[in-house]
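For reference, model_22.cif is printed below; it contains mmCIF, C-alpha atoms.
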```cif
data_input
#
loop_
_atom_site.label_atom_id
_atom_site.label_comp_id
_atom_site.auth_asym_id
_atom_site.auth_seq_id
_atom_site.Cartn_x
_atom_site.Cartn_y
_atom_site.Cartn_z
CA MET A 1 -90.64 92.70 -55.00
CA PRO A 2 -91.03 94.07 -51.48
CA VAL A 3 -93.16 97.14 -50.74
CA GLN A 4 -90.06 98.92 -49.52
CA TYR A 5 -86.38 98.44 -48.69
CA VAL A 6 -85.49 101.44 -46.54
CA GLY A 7 -88.63 103.57 -46.87
CA VAL A 8 -90.96 104.68 -49.64
CA LYS A 9 -90.14 108.38 -49.46
CA GLN A 10 -86.39 107.87 -49.49
CA GLU A 11 -86.57 105.34 -52.34
CA HIS A 12 -88.86 107.65 -54.30
CA LEU A 13 -86.44 110.56 -53.98
CA SER A 14 -83.50 108.34 -54.97
CA VAL A 15 -85.19 107.70 -58.31
CA ARG A 16 -86.15 111.37 -58.80
CA HIS A 17 -82.71 112.74 -58.02
CA ASP A 18 -80.19 109.92 -58.43
CA VAL A 19 -80.80 106.32 -59.55
CA GLY A 20 -82.76 103.30 -58.34
CA VAL A 21 -83.41 99.73 -59.47
CA PHE A 22 -86.71 97.85 -59.32
CA ASP A 23 -86.99 94.10 -59.60
CA VAL A 24 -90.07 93.86 -61.81
CA SER A 25 -89.58 90.23 -62.79
CA HIS A 26 -93.25 89.61 -62.03
CA MET A 27 -94.07 91.28 -65.37
CA GLY A 28 -94.96 88.81 -68.15
CA GLU A 29 -93.60 88.53 -71.70
CA ILE A 30 -95.24 87.23 -74.87
CA GLU A 31 -93.26 86.66 -78.06
CA THR A 32 -95.09 86.94 -81.36
CA CYS A 33 -93.11 85.73 -84.36
CA GLY A 34 -93.65 84.36 -87.83
CA ARG A 35 -94.65 85.57 -91.27
CA GLN A 36 -97.79 87.38 -90.06
CA ALA A 37 -96.60 88.60 -86.67
CA THR A 38 -97.08 92.25 -87.63
CA ASP A 39 -100.55 91.49 -88.98
CA LEU A 40 -101.67 89.78 -85.77
CA LEU A 41 -100.37 92.56 -83.52
CA GLN A 42 -101.90 95.20 -85.76
CA HIS A 43 -105.20 93.38 -85.27
CA LEU A 44 -104.85 93.14 -81.45
CA LEU A 45 -102.98 96.24 -80.30
CA SER A 46 -104.49 99.72 -80.43
CA ASN A 47 -101.43 101.50 -81.78
CA ASP A 48 -100.15 101.40 -85.36
CA VAL A 49 -97.73 98.48 -85.14
CA ARG A 50 -96.63 98.99 -88.75
CA ARG A 51 -95.02 102.23 -87.68
CA LEU A 52 -92.92 100.47 -85.06
CA PRO A 53 -89.39 100.14 -86.49
CA GLU A 54 -87.05 97.24 -85.74
CA GLY A 55 -85.38 98.05 -82.45
CA GLY A 56 -88.31 100.26 -81.46
CA ALA A 57 -90.70 100.26 -78.50
CA GLN A 58 -94.39 101.17 -78.65
CA TYR A 59 -97.09 101.59 -76.01
CA SER A 60 -100.63 100.41 -76.70
CA VAL A 61 -103.72 99.00 -75.08
CA LEU A 62 -105.37 95.67 -75.69
CA CYS A 63 -109.12 96.06 -76.07
CA ARG A 64 -112.16 93.84 -76.10
CA GLU A 65 -114.62 94.19 -79.00
CA ASP A 66 -116.61 96.69 -76.91
CA GLY A 67 -113.51 98.79 -76.31
CA GLY A 68 -113.01 97.71 -72.67
CA VAL A 69 -109.33 97.66 -71.75
CA LEU A 70 -107.81 94.21 -71.17
CA ASP A 71 -104.27 95.47 -70.56
CA ASP A 72 -101.80 98.21 -71.35
CA LEU A 73 -98.54 97.05 -72.82
CA PHE A 74 -95.14 97.91 -74.25
CA THR A 75 -94.20 96.01 -77.40
CA TYR A 76 -90.61 95.80 -78.64
CA ARG A 77 -89.86 94.93 -82.25
CA LEU A 78 -86.80 92.70 -82.01
CA ALA A 79 -86.59 91.78 -85.73
CA ASP A 80 -88.71 92.14 -88.85
CA GLU A 81 -91.37 89.65 -87.69
CA VAL A 82 -90.32 89.10 -84.06
CA TYR A 83 -91.97 91.07 -81.26
CA LEU A 84 -91.83 90.90 -77.50
CA THR A 85 -94.80 92.30 -75.57
CA VAL A 86 -94.55 92.97 -71.84
CA THR A 87 -97.75 92.24 -69.92
CA ASN A 88 -98.98 93.13 -66.47
CA ALA A 89 -98.46 90.15 -64.18
CA ALA A 90 -102.10 89.82 -63.16
CA ASN A 91 -103.22 89.89 -66.81
CA HIS A 92 -100.53 87.72 -68.33
CA GLU A 93 -102.46 84.47 -68.63
CA ARG A 94 -105.54 86.23 -69.99
CA ASP A 95 -103.47 88.24 -72.49
CA LEU A 96 -101.66 85.11 -73.61
CA ALA A 97 -104.95 83.25 -74.15
CA TRP A 98 -106.32 86.28 -76.05
CA PHE A 99 -103.24 86.41 -78.30
CA GLN A 100 -103.39 82.66 -78.91
CA ARG A 101 -107.09 82.64 -79.66
CA HIS A 102 -106.73 85.33 -82.32
CA ALA A 103 -103.49 83.82 -83.65
CA ALA A 104 -105.33 80.80 -85.04
CA ALA A 105 -106.24 82.78 -88.17
CA TYR A 106 -102.65 83.92 -88.78
CA ASP A 107 -99.38 82.28 -89.80
CA VAL A 108 -97.73 83.14 -86.53
CA ASP A 109 -96.39 81.66 -83.29
CA VAL A 110 -97.39 83.13 -79.94
CA ILE A 111 -95.02 81.98 -77.22
CA ASP A 112 -95.18 82.50 -73.45
CA ARG A 113 -91.74 83.87 -72.54
CA ALA A 114 -92.57 84.88 -68.98
CA PRO A 115 -90.54 82.06 -67.37
CA GLU A 116 -87.48 83.01 -69.43
CA PHE A 117 -87.17 86.62 -68.39
CA ALA A 118 -86.30 88.49 -65.26
CA MET A 119 -86.79 92.25 -65.53
CA LEU A 120 -84.86 95.01 -63.79
CA ALA A 121 -85.83 98.65 -64.25
CA VAL A 122 -82.98 101.10 -63.64
CA GLN A 123 -84.45 104.57 -63.39
CA GLY A 124 -83.35 108.06 -62.49
CA PRO A 125 -81.24 110.91 -63.86
CA ARG A 126 -78.04 108.89 -63.32
CA ALA A 127 -79.46 105.56 -64.62
CA ARG A 128 -78.01 105.63 -68.11
CA ALA A 129 -74.54 106.66 -66.98
CA VAL A 130 -74.39 103.86 -64.41
CA VAL A 131 -75.69 101.14 -66.75
CA GLU A 132 -73.53 102.31 -69.63
CA ARG A 133 -70.39 101.83 -67.54
CA LEU A 134 -71.34 98.16 -67.08
CA ALA A 135 -72.33 97.69 -70.75
CA ASP A 136 -70.41 96.53 -73.83
CA GLY A 137 -71.82 99.31 -76.00
CA PRO A 138 -74.04 102.36 -76.09
CA LEU A 139 -77.56 102.11 -74.66
CA PRO A 140 -80.65 102.42 -76.86
CA PRO A 141 -82.32 105.85 -77.00
CA ARG A 142 -85.72 106.39 -75.41
CA PHE A 143 -88.41 104.10 -76.90
CA HIS A 144 -85.80 101.87 -78.52
CA CYS A 145 -84.24 98.55 -77.55
CA CYS A 146 -81.15 96.51 -78.38
CA GLN A 147 -79.15 93.48 -77.25
CA ARG A 148 -76.24 94.23 -74.94
CA THR A 149 -74.04 92.47 -72.44
CA ILE A 150 -74.23 94.19 -69.08
CA ALA A 151 -72.25 93.09 -66.05
CA GLY A 152 -71.36 89.94 -67.99
CA ALA A 153 -74.93 88.95 -68.88
CA PRO A 154 -76.49 89.14 -72.35
CA MET A 155 -79.86 90.90 -72.31
CA LEU A 156 -82.41 93.05 -74.06
CA VAL A 157 -81.99 96.67 -73.00
CA CYS A 158 -85.04 98.89 -73.45
CA GLY A 159 -85.23 102.66 -73.19
CA THR A 160 -88.50 102.61 -71.29
CA GLY A 161 -89.76 102.95 -67.74
CA TYR A 162 -92.64 103.71 -65.41
CA THR A 163 -91.30 106.56 -63.30
CA GLY A 164 -91.17 109.69 -65.47
CA GLU A 165 -87.38 109.61 -65.19
CA ASP A 166 -84.87 108.64 -67.83
CA GLY A 167 -83.60 105.08 -67.59
CA VAL A 168 -83.64 101.59 -69.00
CA GLU A 169 -85.44 98.33 -68.45
CA LEU A 170 -83.38 95.15 -68.66
CA LEU A 171 -84.90 91.86 -69.78
CA LEU A 172 -82.59 88.97 -69.01
CA ASP A 173 -82.19 85.31 -68.12
CA PRO A 174 -83.40 84.87 -64.52
CA THR A 175 -80.28 82.86 -63.66
CA CYS A 176 -78.16 85.98 -64.35
CA ALA A 177 -80.44 88.44 -62.62
CA GLU A 178 -78.91 88.25 -59.16
CA GLU A 179 -75.42 88.92 -60.49
CA VAL A 180 -76.61 91.93 -62.49
CA TRP A 181 -78.61 93.22 -59.50
CA ASP A 182 -75.50 92.93 -57.32
CA ALA A 183 -73.39 94.77 -59.90
CA LEU A 184 -75.94 97.61 -59.95
CA ILE A 185 -76.04 97.80 -56.16
CA ALA A 186 -72.22 97.81 -56.11
CA ALA A 187 -72.43 100.79 -58.51
CA LYS A 188 -74.44 102.60 -55.80
CA VAL A 189 -77.85 102.12 -57.40
CA LYS A 190 -80.52 102.09 -54.65
CA PRO A 191 -83.02 99.23 -54.50
CA VAL A 192 -86.59 100.50 -54.82
CA GLY A 193 -89.79 98.69 -53.87
CA LEU A 194 -93.40 98.54 -54.94
CA GLY A 195 -94.47 101.47 -52.73
CA ALA A 196 -92.22 103.96 -54.51
CA ARG A 197 -93.03 102.41 -57.88
CA ASP A 198 -96.62 103.46 -57.24
CA THR A 199 -95.88 106.97 -55.97
CA LEU A 200 -93.45 107.62 -58.85
CA ARG A 201 -95.87 106.50 -61.56
CA LEU A 202 -98.81 108.35 -60.04
CA GLU A 203 -96.91 111.65 -59.87
CA VAL A 204 -96.46 111.45 -63.64
CA CYS A 205 -99.99 110.05 -64.20
CA TYR A 206 -99.02 106.71 -65.67
CA HIS A 207 -101.91 104.27 -65.51
CA LEU A 208 -101.97 101.22 -63.28
CA TYR A 209 -104.07 98.39 -64.66
CA GLY A 210 -106.69 97.30 -62.13
CA ASN A 211 -106.79 100.83 -60.67
CA ASP A 212 -107.05 103.30 -63.55
CA LEU A 213 -107.66 100.87 -66.39
CA MET A 214 -110.29 98.16 -66.44
CA GLU A 215 -112.48 96.11 -68.73
CA SER A 216 -115.52 98.25 -67.94
CA ARG A 217 -113.91 101.41 -69.32
CA GLY A 218 -112.27 102.24 -72.64
CA PRO A 219 -108.99 103.95 -73.56
CA VAL A 220 -110.52 107.29 -74.60
CA GLU A 221 -112.02 107.93 -71.16
CA ALA A 222 -108.69 106.86 -69.64
CA GLY A 223 -106.85 109.54 -71.61
CA LEU A 224 -105.16 106.92 -73.80
CA GLY A 225 -106.81 107.93 -77.08
CA TRP A 226 -103.35 109.02 -78.27
CA CYS A 227 -102.22 105.38 -78.55
CA CYS A 228 -105.37 104.25 -80.39
CA LYS A 229 -105.23 104.32 -84.19
CA GLU A 230 -108.75 103.30 -85.21
CA GLU A 231 -107.85 103.29 -88.92
CA THR A 232 -105.86 100.09 -88.32
CA GLY A 233 -109.09 98.26 -87.52
CA PHE A 234 -107.84 96.75 -84.25
CA VAL A 235 -110.19 94.73 -82.08
CA GLY A 236 -112.31 97.34 -80.31
CA SER A 237 -111.58 100.13 -82.83
CA ASP A 238 -115.26 100.63 -83.71
CA ALA A 239 -116.15 101.20 -80.07
CA VAL A 240 -113.16 103.51 -79.57
CA ARG A 241 -114.10 105.50 -82.69
CA ALA A 242 -117.68 105.88 -81.46
CA THR A 243 -116.59 107.06 -78.01
CA ARG A 244 -114.12 109.50 -79.49
CA ALA A 245 -116.79 110.92 -81.80
CA ALA A 246 -119.48 111.26 -79.15
CA GLY A 247 -117.11 112.29 -76.36
CA PRO A 248 -116.93 110.08 -73.27
CA ALA A 249 -119.33 110.64 -70.40
CA GLU A 250 -116.46 110.33 -67.92
CA ARG A 251 -112.78 111.09 -68.08
CA LEU A 252 -109.82 110.14 -65.95
CA ALA A 253 -108.73 113.35 -64.26
CA ALA A 254 -105.59 113.97 -62.24
CA PHE A 255 -106.02 116.08 -59.14
CA ARG A 256 -104.21 117.31 -56.08
CA PHE A 257 -105.58 118.12 -52.67
CA THR A 258 -105.64 121.77 -51.67
CA ALA A 259 -105.83 120.92 -47.96
CA PRO A 260 -104.39 118.12 -45.80
CA GLY A 261 -105.38 114.53 -46.46
CA ILE A 262 -104.65 111.62 -48.77
CA PRO A 263 -107.05 110.34 -51.42
CA ARG A 264 -107.32 106.59 -51.80
CA GLN A 265 -108.64 104.18 -54.41
CA GLY A 266 -112.40 103.83 -54.01
CA ASN A 267 -113.04 107.28 -52.47
CA ALA A 268 -116.14 108.88 -54.00
CA VAL A 269 -115.99 112.20 -55.82
CA VAL A 270 -118.85 114.32 -54.52
CA GLY A 271 -121.41 114.77 -57.30
CA GLY A 272 -120.24 111.72 -59.23
CA GLY A 273 -117.05 109.88 -59.93
CA GLU A 274 -114.53 107.75 -58.13
CA VAL A 275 -110.87 107.88 -57.19
CA THR A 276 -108.94 105.07 -58.88
CA SER A 277 -105.47 105.86 -57.48
CA GLY A 278 -104.38 108.05 -54.62
CA THR A 279 -101.34 108.65 -52.50
CA MET A 280 -99.24 111.24 -50.70
CA SER A 281 -96.86 112.68 -53.29
CA PRO A 282 -93.31 112.57 -51.90
CA SER A 283 -92.13 115.16 -54.45
CA LEU A 284 -95.01 117.62 -54.03
CA GLY A 285 -95.84 117.00 -50.37
CA VAL A 286 -99.61 116.90 -50.98
CA GLY A 287 -102.23 114.23 -51.53
CA ILE A 288 -102.59 113.43 -55.23
CA GLY A 289 -104.70 111.06 -57.27
CA MET A 290 -106.54 110.16 -60.42
CA GLY A 291 -110.17 109.30 -60.81
CA TYR A 292 -113.02 109.05 -63.26
CA VAL A 293 -115.24 112.12 -63.11
CA PRO A 294 -118.04 113.44 -65.35
CA ALA A 295 -116.29 114.78 -68.46
CA GLU A 296 -117.22 118.40 -67.75
CA LYS A 297 -115.40 118.19 -64.40
CA ALA A 298 -112.17 116.86 -65.90
CA GLU A 299 -110.81 120.24 -67.03
CA PRO A 300 -107.71 121.48 -65.17
CA GLY A 301 -108.66 124.07 -62.59
CA THR A 302 -112.00 122.46 -61.76
CA GLU A 303 -112.57 122.21 -58.04
CA LEU A 304 -113.55 118.79 -56.73
CA GLU A 305 -114.57 117.43 -53.38
CA ILE A 306 -113.42 113.97 -52.45
CA ASP A 307 -115.09 111.93 -49.75
CA VAL A 308 -112.23 110.35 -47.80
CA ARG A 309 -113.89 107.91 -45.41
CA GLY A 310 -116.64 110.35 -44.55
CA LYS A 311 -114.56 113.54 -44.56
CA VAL A 312 -115.02 115.79 -47.57
CA ARG A 313 -111.68 117.16 -48.73
CA PRO A 314 -111.11 119.85 -51.38
CA ALA A 315 -109.09 119.09 -54.51
CA VAL A 316 -108.35 120.73 -57.83
CA VAL A 317 -108.07 119.03 -61.21
CA ALA A 318 -104.53 119.52 -62.50
CA LYS A 319 -102.83 119.19 -65.83
CA LYS A 320 -101.08 115.84 -66.34
CA PRO A 321 -98.43 115.04 -65.31
CA LEU A 322 -98.86 116.18 -61.71
CA TYR A 323 -95.10 116.28 -61.26
CA ARG A 324 -92.84 117.87 -63.83
CA LYS A 325 -89.09 118.06 -63.77
CA ASP A 326 -87.79 121.61 -63.71
CA MET B 1 -86.15 105.18 -37.21
CA ALA B 2 -85.21 104.53 -33.60
CA ASP B 3 -84.61 101.03 -32.23
CA ALA B 4 -87.45 99.04 -30.71
CA SER B 5 -88.30 100.25 -27.23
CA TYR B 6 -91.17 100.05 -24.76
CA PRO B 7 -90.52 102.47 -21.93
CA ASP B 8 -91.50 101.59 -18.37
CA GLY B 9 -93.96 103.92 -16.75
CA LEU B 10 -96.33 103.95 -19.73
CA LEU B 11 -99.56 101.95 -19.94
CA TYR B 12 -100.13 99.93 -23.08
CA HIS B 13 -103.29 99.03 -24.96
CA PRO B 14 -103.24 95.79 -26.99
CA GLU B 15 -104.04 97.77 -30.17
CA HIS B 16 -100.48 99.16 -29.87
CA ASP B 17 -101.22 102.45 -28.19
CA TRP B 18 -99.68 103.93 -25.07
CA ALA B 19 -100.87 106.30 -22.38
CA ARG B 20 -98.76 108.35 -19.99
CA VAL B 21 -101.02 109.15 -17.05
CA GLU B 22 -100.20 112.29 -15.02
CA GLY B 23 -102.94 113.08 -12.53
CA ASP B 24 -106.25 113.18 -14.36
CA VAL B 25 -104.67 113.89 -17.75
CA ALA B 26 -103.09 111.28 -20.00
CA THR B 27 -100.97 111.67 -23.13
CA PHE B 28 -101.65 109.17 -25.93
CA GLY B 29 -99.47 107.88 -28.73
CA ILE B 30 -98.71 104.73 -30.69
CA THR B 31 -96.04 102.20 -29.80
CA TRP B 32 -92.77 101.49 -31.54
CA TYR B 33 -94.31 98.29 -32.88
CA ALA B 34 -97.26 100.20 -34.37
CA GLN B 35 -95.15 102.80 -36.17
CA ASP B 36 -92.78 100.11 -37.41
CA SER B 37 -95.69 98.08 -38.85
CA LEU B 38 -97.13 101.16 -40.54
CA GLY B 39 -93.91 102.30 -42.14
CA GLU B 40 -93.31 105.97 -42.79
CA VAL B 41 -96.22 108.00 -41.55
CA VAL B 42 -97.16 110.61 -44.13
CA PHE B 43 -100.33 112.02 -42.65
CA PHE B 44 -101.89 112.44 -39.25
CA GLU B 45 -104.99 114.39 -38.50
CA PRO B 46 -105.68 114.89 -34.81
CA PRO B 47 -109.22 115.05 -33.45
CA GLU B 48 -110.49 118.45 -32.38
CA VAL B 49 -110.02 119.65 -28.84
CA GLY B 50 -113.17 118.80 -26.94
CA THR B 51 -113.74 115.48 -28.72
CA GLN B 52 -114.55 112.54 -26.47
CA THR B 53 -112.40 109.43 -26.66
CA LYS B 54 -113.65 106.03 -25.64
CA GLN B 55 -111.39 103.24 -24.51
CA GLY B 56 -110.84 100.76 -27.36
CA GLU B 57 -112.44 103.02 -29.98
CA PRO B 58 -110.68 104.97 -32.77
CA TYR B 59 -110.06 108.68 -32.16
CA ALA B 60 -107.79 109.53 -35.11
CA GLU B 61 -106.33 108.14 -38.31
CA VAL B 62 -102.73 107.71 -39.23
CA GLU B 63 -101.64 107.09 -42.80
CA SER B 64 -98.49 105.66 -44.28
CA VAL B 65 -97.87 105.77 -48.01
CA LYS B 66 -99.77 102.56 -48.58
CA ALA B 67 -102.27 102.24 -45.76
CA VAL B 68 -104.67 104.00 -43.44
CA SER B 69 -104.99 102.86 -39.83
CA ASP B 70 -107.26 103.86 -37.00
CA VAL B 71 -105.62 105.04 -33.82
CA ILE B 72 -107.31 103.46 -30.83
CA ALA B 73 -107.87 105.31 -27.57
CA PRO B 74 -106.30 103.48 -24.63
CA LEU B 75 -108.57 105.39 -22.21
CA SER B 76 -111.81 107.38 -22.26
CA GLY B 77 -111.99 111.13 -21.75
CA GLU B 78 -112.02 114.54 -23.37
CA VAL B 79 -109.27 115.77 -25.70
CA VAL B 80 -107.74 118.86 -24.10
CA GLU B 81 -104.70 119.31 -26.35
CA VAL B 82 -103.51 117.96 -29.70
CA ASN B 83 -100.01 117.76 -31.10
CA GLY B 84 -100.28 120.32 -33.89
CA GLY B 85 -96.67 119.73 -34.91
CA LEU B 86 -97.60 116.39 -36.45
CA GLY B 87 -99.51 118.13 -39.24
CA ASP B 88 -96.32 119.40 -40.83
CA ALA B 89 -94.04 116.61 -39.64
CA PRO B 90 -96.02 113.37 -39.32
CA GLU B 91 -92.76 111.39 -39.60
CA THR B 92 -92.08 112.49 -36.02
CA ILE B 93 -94.38 109.60 -35.08
CA ASN B 94 -91.73 107.24 -36.52
CA ASP B 95 -88.74 109.13 -35.21
CA ASP B 96 -89.88 109.60 -31.63
CA PRO B 97 -93.10 107.66 -30.94
CA TYR B 98 -93.00 108.18 -27.15
CA GLY B 99 -91.74 111.78 -27.16
CA GLU B 100 -92.32 114.41 -29.84
CA GLY B 101 -94.59 111.96 -31.66
CA TRP B 102 -97.34 112.11 -29.00
CA MET B 103 -100.81 112.60 -30.43
CA VAL B 104 -103.29 114.00 -27.89
CA LYS B 105 -103.73 114.84 -24.21
CA VAL B 106 -106.97 113.66 -22.69
CA ARG B 107 -108.72 114.55 -19.42
CA LEU B 108 -109.67 111.12 -18.14
CA ALA B 109 -113.30 110.24 -17.57
CA ASP B 110 -112.71 107.10 -15.55
CA PRO B 111 -109.25 106.55 -14.05
CA SER B 112 -110.17 102.95 -13.15
CA GLU B 113 -109.96 102.08 -16.86
CA THR B 114 -106.17 101.97 -16.46
CA GLU B 115 -106.63 98.57 -14.84
CA ALA B 116 -107.41 97.14 -18.28
CA LEU B 117 -104.05 98.30 -19.68
CA GLN B 118 -100.72 96.49 -19.59
CA ASP B 119 -97.29 97.46 -18.34
CA ALA B 120 -94.31 97.47 -20.70
CA ALA B 121 -93.25 93.91 -19.85
CA SER B 122 -96.67 92.31 -20.41
CA TYR B 123 -97.27 94.31 -23.59
CA GLN B 124 -93.93 93.25 -24.99
CA GLN B 125 -94.78 89.61 -24.33
CA THR B 126 -97.81 89.93 -26.60
CA LEU B 127 -95.56 91.00 -29.47
CA SER B 128 -93.42 87.88 -29.59
#
```
Can you turn what I pasted into structure tokens?
Amino acid sequence: MPVQYVGVKQEHLSVRHDVGVFDVSHMGEIETCGRQATDLLQHLLSNDVRRLPEGGAQYSVLCREDGGVLDDLFTYRLADEVYLTVTNAANHERDLAWFQRHAAAYDVDVIDRAPEFAMLAVQGPRARAVVERLADGPLPPRFHCCQRTIAGAPMLVCGTGYTGEDGVELLLDPTCAEEVWDALIAAKVKPVGLGARDTLRLEVCYHLYGNDLMESRGPVEAGLGWCCKEETGFVGSDAVRATRAAGPAERLAAFRFTAPGIPRQGNAVVGGGEVTSGTMSPSLGVGIGMGYVPAEKAEPGTELEIDVRGKVRPAVVAKKPLYRKD
Amino acid sequence: MADASYPDGLLYHPEHDWARVEGDVATFGITWYAQDSLGEVVFFEPPEVGTQTKQGEPYAEVESVKAVSDVIAPLSGEVVEVNGGLGDAPETINDDPYGEGWMVKVRLADPSETEALQDAASYQQTLS
């Protein structure tokens, strides 16, 4: 996946106002199947996997015992005891080893499916209409998935994405991916690169593992307490429960600059805290970012000062998401 | 974005900056190669008028969506004018790097420094 095809701003706006396609085949996939597949995932994933229906999609985090975040993931329930979990590329091997290690106590198979899937994300207000015209049946609703043939290729179609726009993610045989890509481009879908993927997700405050999520911090401080169901007893649930009860010392806040400048990962927040993601927002035309700040400074409206390479720049904590469709 | 070009009559610094010398004042900017490597410029903050530039040292920063880069002064002197238009339209640096995308005007401290700079032909050879 290149950083850009024609330009980050232009690609970004294509997704916000029309339709774009990302080649995210670098993402990994793990299949969990067998009699106790649900039991294993309930043990590993923070969300309540039992509430995930067949044909459903669910977001969760994978935690260490101490609550540190190992990855954030979408899991699709393909059949009663068959699940496909999409991993972040950089974490795939570690996630797979983690799944396999814990699987030993369960009647379950954990299979690395990463080599068998390419992944194309078609996103934007026109995404569904364009993909539906190439499909042999209706597309799954948001947070659902189903098998379809699209542009001649059989695939798993998922009503998920990482842009804040409507759209689908397509998981398919890599040998068919080029043909499907070409069919999308022929349908006037714009190719979109890594640069716009980052600006799009940051405008809607989706986390990027390695920036906003890390082993040294837990899901509650990251604002992901909503996908943690401690009553399921998942690995790390005791730590998450304790943090939730005590209140975290730091929270991930979203902010925008109130003067010129662009925040960047690693910039210090004056008085404590650190920027974990920052960019120039193509939709809003201002510098935006997220960062961990002392919890009392995480409330929307709080004024912050960010040290951008020695220059202190004013910012204000904003409600998430930073960008909202009218 | 315009096609690659390296106009004659400008002096080039190997860090991909140009200077247009007119008497004891020079206009600075970045070359086509520099803006192309950066990608779309989304932020430029000029130095303040009165700031001293030093040949080979950074005098400003230019940011694309993904990266921050120092802008290197091709010559030493005192900033006498800045291109305020770049604040609202930093993409002008991509669209017209030798014209409307100029960055600062500098009153030169030592005109003999121009001897260290290259003409368009020699600069272009360093790019291949």
Per residue of chain A within 7 Å of chain B, note the shortest atom pair and the distance in Å to one decimal, counting only C-alpha atoms, and order the rows by chain and increasing residue number, as JSON lines.
```
{"residue": "A:Gly7", "atom": "CA", "partner": "B:Glu40", "partner_atom": "CA", "distance": 6.7}
{"residue": "A:Gly195", "atom": "CA", "partner": "B:Lys66", "partner_atom": "CA", "distance": 6.8}
{"residue": "A:Gly261", "atom": "CA", "partner": "B:Phe43", "partner_atom": "CA", "distance": 6.8}
{"residue": "A:Thr279", "atom": "CA", "partner": "B:Val65", "partner_atom": "CA", "distance": 6.4}
{"residue": "A:Met280", "atom": "CA", "partner": "B:Val65", "partner_atom": "CA", "distance": 6.2}
```
**OP:** Apply the PyMOL selection byres ((chain A and resi 169) around 9) to the displayed file and report the matching residues as a list in words.
**Re:** Met119, Leu120, Ala121, Val122, Gln123, Leu156, Val157, Cys158, Gly159, Thr160, Gly161, Gly167, Val168, Leu170 and Leu171 of chain A
Run through the PyMOL selection byres ((chain A and resi 198) around 10) on the given coordinates and return the selected residues as a CSV table (one decimal) with C-alpha atoms, in the coordinates of the input.
```
chain,number,residue,atom,x,y,z
A,3,VAL,CA,-93.2,97.1,-50.7
A,8,VAL,CA,-91.0,104.7,-49.6
A,12,HIS,CA,-88.9,107.6,-54.3
A,162,TYR,CA,-92.6,103.7,-65.4
A,163,THR,CA,-91.3,106.6,-63.3
A,193,GLY,CA,-89.8,98.7,-53.9
A,194,LEU,CA,-93.4,98.5,-54.9
A,195,GLY,CA,-94.5,101.5,-52.7
A,196,ALA,CA,-92.2,104.0,-54.5
A,197,ARG,CA,-93.0,102.4,-57.9
A,199,THR,CA,-95.9,107.0,-56.0
A,200,LEU,CA,-93.4,107.6,-58.8
A,201,ARG,CA,-95.9,106.5,-61.6
A,202,LEU,CA,-98.8,108.4,-60.0
A,203,GLU,CA,-96.9,111.6,-59.9
A,206,TYR,CA,-99.0,106.7,-65.7
A,207,HIS,CA,-101.9,104.3,-65.5
A,208,LEU,CA,-102.0,101.2,-63.3
A,277,SER,CA,-105.5,105.9,-57.5
A,278,GLY,CA,-104.4,108.0,-54.6
A,279,THR,CA,-101.3,108.6,-52.5
B,65,VAL,CA,-97.9,105.8,-48.0
B,66,LYS,CA,-99.8,102.6,-48.6
```
**OP:** Rank nothing, just name the residue among B:Ala120, B:Asp36, B:Thr114, B:Leu75 nearest to Asp3 (chain B), using all atoms listed in the file.
**Re:**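 Ranked by minimum distance to Asp3 (chain B), first place goes to B:Asp36.
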**OP:** Could you list the residues chosen by the PyMOL selection byres ((chain A and resi 126) around 12) in this structure as a PyMOL selection string?
**Re:** chain A and resi 14-21+122-125+127-133+165-168+184+187-190
**OP:** Would you please work out which residue, of B:Asp17, B:Pro97, B:Gly23, B:Ala121, is nearest to Ala60 (chain B) when using all atoms listed in the file?
**Re:** B:Asp17
**OP:** Find the residues near His26 (chain A): any atom within 12 Å, counting all atoms listed in the file, skip ones fewer than 2 places away on the same chain, and give them as an MDAnalysis selection string.
**Re:** chainID A and resid 1:2 22:24 28:29 86:92 114:121 171 174 194
**OP:** Pick out the residues sitting within 8 Å of Glu57 (chain B), and hand them over as JSON, numbers by chain; count all atoms listed in the file, and ignore anything fewer than 3 positions along from it in its own chain.
**Re:** {"B": [53, 54, 72, 73]}
Original post:
Between B:Trp102, B:Trp18, B:Tyr6, B:Tyr123, which is the closest to Pro46 (chain B) once you count only C-alpha atoms?
Top reply: B:Trp102
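CA of Ala298 (chain A) lies 20.3 Å from CA of Val69 (chain A).
Note that CA of Leu73 (chain A) and CA of Val275 (chain A) are 22.7 Å apart.
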Original post:
In Å, with one decimal, what is the gap from CA of Val220 (chain A) to CA of Gln100 (chain A)?
Top reply: 26.0 Å
Subject >> Proximity to Ser128 (chain B) - best of B:Pro7, B:Tyr33, B:Thr27, B:Gly77, all atoms listed in the file >> reply: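 Checking each candidate against Ser128 (chain B), we get B:Tyr33 as the closest.
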Original post:
Using only C-alpha atoms, which of B:Thr31, B:Asn83, B:Ser112, B:Ser69 sits nearest Pro47 (chain B)?
Top reply: B:Asn83
**OP:** Pick out the closest residue to Ser25 (chain A) from this set: A:Glu178, A:Tyr83, A:Pro140, A:Tyr106. Count all atoms listed in the file.
**Re:**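 Closest to Ser25 (chain A) of all the choices is A:Glu178.
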Original post:
Got a sec: who's within 7 Å of Glu31 (chain A), counting all atoms listed in the file, leaving out chain neighbours fewer than 5 positions off, as a PyMOL selection string?
Top reply: chain A and resi 83-85+110-113
